[in-house]
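Each remark here refers to the structure printed beneath this line.
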Amino acid sequence: MLKFLIINGPNINMLGLREPDIYGTENYRSLQQFIYHCCVQEDIEPVLYQSNHEGAIVDRIQAAYGDADGIVINPAAYTHTSVAILDALKAVRIPAVEVHLSDVSARESFRRISYPGMACLKTFAGLGFEGYREAVLFLKDYLEKNNPSA
Ligand code: DQA
């Protein structure tokens with residue numbers, strides 16, 4: 001059974017409260033349930049992790065080495081600043097996919113750069129919760145094609 005680590009960065013725990021016009025009115029608990037169901041439907045074991053701290057996210061990525069088959073990551077604001085998260089993803093070499101709830105390409109110019117995205121196979125942005133489902137399906141398909149024993 002494939003095991004996916006799903007990482008959500010800073011302020012994603014504030015979903016529902018934070019800028020609902022951009023991020024919607026559903027809270028982080030609903031996002032957790034949504035991701036959990038997407039994975040279980042696909043026969044994937046989900047491990048959900050959220051942190052507001054860059055180093056904690058780096059530690060969690062490192063801890064996934066030899067454990068998780070894939071990583072789905074919404075680095076949130078660290079998307080636009082974190083070479084450390086980029087380097088952690090490169091270090092463990094676990095296939096990763098980036099997700100953003102909002103369409104980062106259509107917002108402020110500082111949101112157009114993604115450091116962790118440089119170590120990801122693909123990015124899904126602007127699809128809300130559905131982006132996580134797309135990411136899970138994409139990773140599963142990628143792993144089945146590239147790792148026949150999966
Ligand atoms: C976000 C987009 C980021 O620019 C922002 O800092 C976030 C959330 C998204 O999911 O749309 O916190 O990653």
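Starting from 1 in every chain, residues are counted up; chains themselves are A, B, ... following the order of the structure tokens, and ligands are numbered from 1 as listed.
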Write out as a ChimeraX atom specification each polymer residue whose atoms come within 9 Å of region 19-36 of chain A, counting only C-alpha atoms; drop sequence neighbours fewer than 2 positions from it. /A:6,12-17,38-41,45-48,101-102,128-130,132-133,136
What residues in chain A get the DSSP label helix (DSSP H, G or I)? Please answer as number ranges by chain. A: 12-14, 20-23, 28-41, 54-63, 76-80, 83-92, 104-106, 109-111, 116-119, 130-146
How would you write, as a PyMOL selection string, the set of residues no farther than 8 Å from ligand 1 when counting only C-alpha atoms and all ligand atoms? chain A and resi 9-12+22-23+74-80+99-104+111+125-126+128
Expected file: the selected residues, C-alpha atoms, as a PDB file, in the first residue's frame:
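Dumped everything to selection.pdb:
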```
ATOM      1  CA  GLY A   9       2.295  25.026   5.884  1.00  0.00           C
ATOM      2  CA  PRO A  10       1.612  28.164   7.926  1.00  0.00           C
ATOM      3  CA  ASN A  11      -1.907  29.494   8.446  1.00  0.00           C
ATOM      4  CA  ILE A  12      -3.576  26.594   6.656  1.00  0.00           C
ATOM      5  CA  ILE A  22      -9.656  33.771  -1.256  1.00  0.00           C
ATOM      6  CA  TYR A  23      -9.517  30.489   0.643  1.00  0.00           C
ATOM      7  CA  ASN A  74       1.157  23.162   0.254  1.00  0.00           C
ATOM      8  CA  PRO A  75       4.059  25.146   1.706  1.00  0.00           C
ATOM      9  CA  ALA A  76       1.740  28.201   2.028  1.00  0.00           C
ATOM     10  CA  ALA A  77       3.764  31.401   2.574  1.00  0.00           C
ATOM     11  CA  TYR A  78       7.031  29.406   2.692  1.00  0.00           C
ATOM     12  CA  THR A  79       6.415  28.676  -0.984  1.00  0.00           C
ATOM     13  CA  HIS A  80       7.783  32.080  -1.816  1.00  0.00           C
ATOM     14  CA  VAL A  99      -0.717  22.341  -4.185  1.00  0.00           C
ATOM     15  CA  HIS A 100      -2.144  25.826  -3.656  1.00  0.00           C
ATOM     16  CA  LEU A 101      -5.761  26.495  -2.839  1.00  0.00           C
ATOM     17  CA  SER A 102      -5.675  29.851  -4.626  1.00  0.00           C
ATOM     18  CA  ASP A 103      -4.385  30.711  -8.072  1.00  0.00           C
ATOM     19  CA  VAL A 104      -1.015  32.084  -6.983  1.00  0.00           C
ATOM     20  CA  ARG A 111       3.508  34.818  -5.034  1.00  0.00           C
ATOM     21  CA  ALA A 125      -3.182  25.821  -8.012  1.00  0.00           C
ATOM     22  CA  GLY A 126      -6.509  27.595  -7.877  1.00  0.00           C
ATOM     23  CA  GLY A 128      -9.406  24.771  -3.833  1.00  0.00           C
TER      24      GLY A 128
END
```
Between A:Asn146, A:Ser51, A:Val97, A:Gly70, which has the minimum distance to Leu5 (chain A) (counting only C-alpha atoms)? A:Gly70
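The protein and nucleic acid residues lying at most 12 Å from Phe138 (chain A) are Cys39, Glu42, Gly70, Ile71, Val72, Pro95, Ala96, Val97, Glu98, Val99, Cys120, Leu121, Lys122, Thr123, Phe124, Gly131, Tyr132, Glu144 and Lys145 of chain A, with only C-alpha atoms considered and sequence neighbours fewer than 6 positions away removed.
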Could those residues be written to a file, using C-alpha atoms, as a PDB file, in the first residue's frame?
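Writing the result to again-v1.pdb gives the following:
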```
ATOM      1  CA  CYS A  39      -6.424   8.849  -0.205  1.00  0.00           C
ATOM      2  CA  GLU A  42      -7.383   5.297  -3.864  1.00  0.00           C
ATOM      3  CA  GLY A  70       5.079  10.405  -2.058  1.00  0.00           C
ATOM      4  CA  ILE A  71       4.646  13.912  -0.684  1.00  0.00           C
ATOM      5  CA  VAL A  72       1.830  16.363  -1.368  1.00  0.00           C
ATOM      6  CA  PRO A  95       8.371  12.273  -5.502  1.00  0.00           C
ATOM      7  CA  ALA A  96       6.461  15.420  -4.530  1.00  0.00           C
ATOM      8  CA  VAL A  97       3.562  17.483  -5.883  1.00  0.00           C
ATOM      9  CA  GLU A  98       2.791  21.067  -4.911  1.00  0.00           C
ATOM     10  CA  VAL A  99      -0.717  22.341  -4.185  1.00  0.00           C
ATOM     11  CA  CYS A 120       8.065  19.044  -7.363  1.00  0.00           C
ATOM     12  CA  LEU A 121       6.829  17.040 -10.338  1.00  0.00           C
ATOM     13  CA  LYS A 122       3.788  19.254 -10.808  1.00  0.00           C
ATOM     14  CA  THR A 123       1.760  22.080  -9.250  1.00  0.00           C
ATOM     15  CA  PHE A 124      -2.017  22.296  -8.867  1.00  0.00           C
ATOM     16  CA  GLY A 131      -6.207  20.442  -5.970  1.00  0.00           C
ATOM     17  CA  TYR A 132      -5.253  17.948  -3.257  1.00  0.00           C
ATOM     18  CA  GLU A 144       2.536   3.169 -10.638  1.00  0.00           C
ATOM     19  CA  LYS A 145       4.266   4.040 -13.914  1.00  0.00           C
TER      20      LYS A 145
END
```
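The smallest atom-to-atom distance between Gln50 (chain A) and any of A:Leu89, A:Leu143, A:Met1, A:Ile73, using only C-alpha atoms, is found for A:Ile73.
Picture a line from CA of Ile85 (chain A) to CA of His53 (chain A); it runs 10.9 Å.
Taking CA of Ala56 (chain A) and CA of Asn8 (chain A) as the two end points, the separation is 11.4 Å.
Between Pro116 (chain A) and the candidates A:Tyr142, A:Ile57, A:Asp67, A:Asn147, the tightest atom-to-atom separation, counting only C-alpha atoms, involves A:Ile57.
The spacing separating CA of Ala68 (chain A) from CA of Ile94 (chain A) amounts to 7.5 Å.
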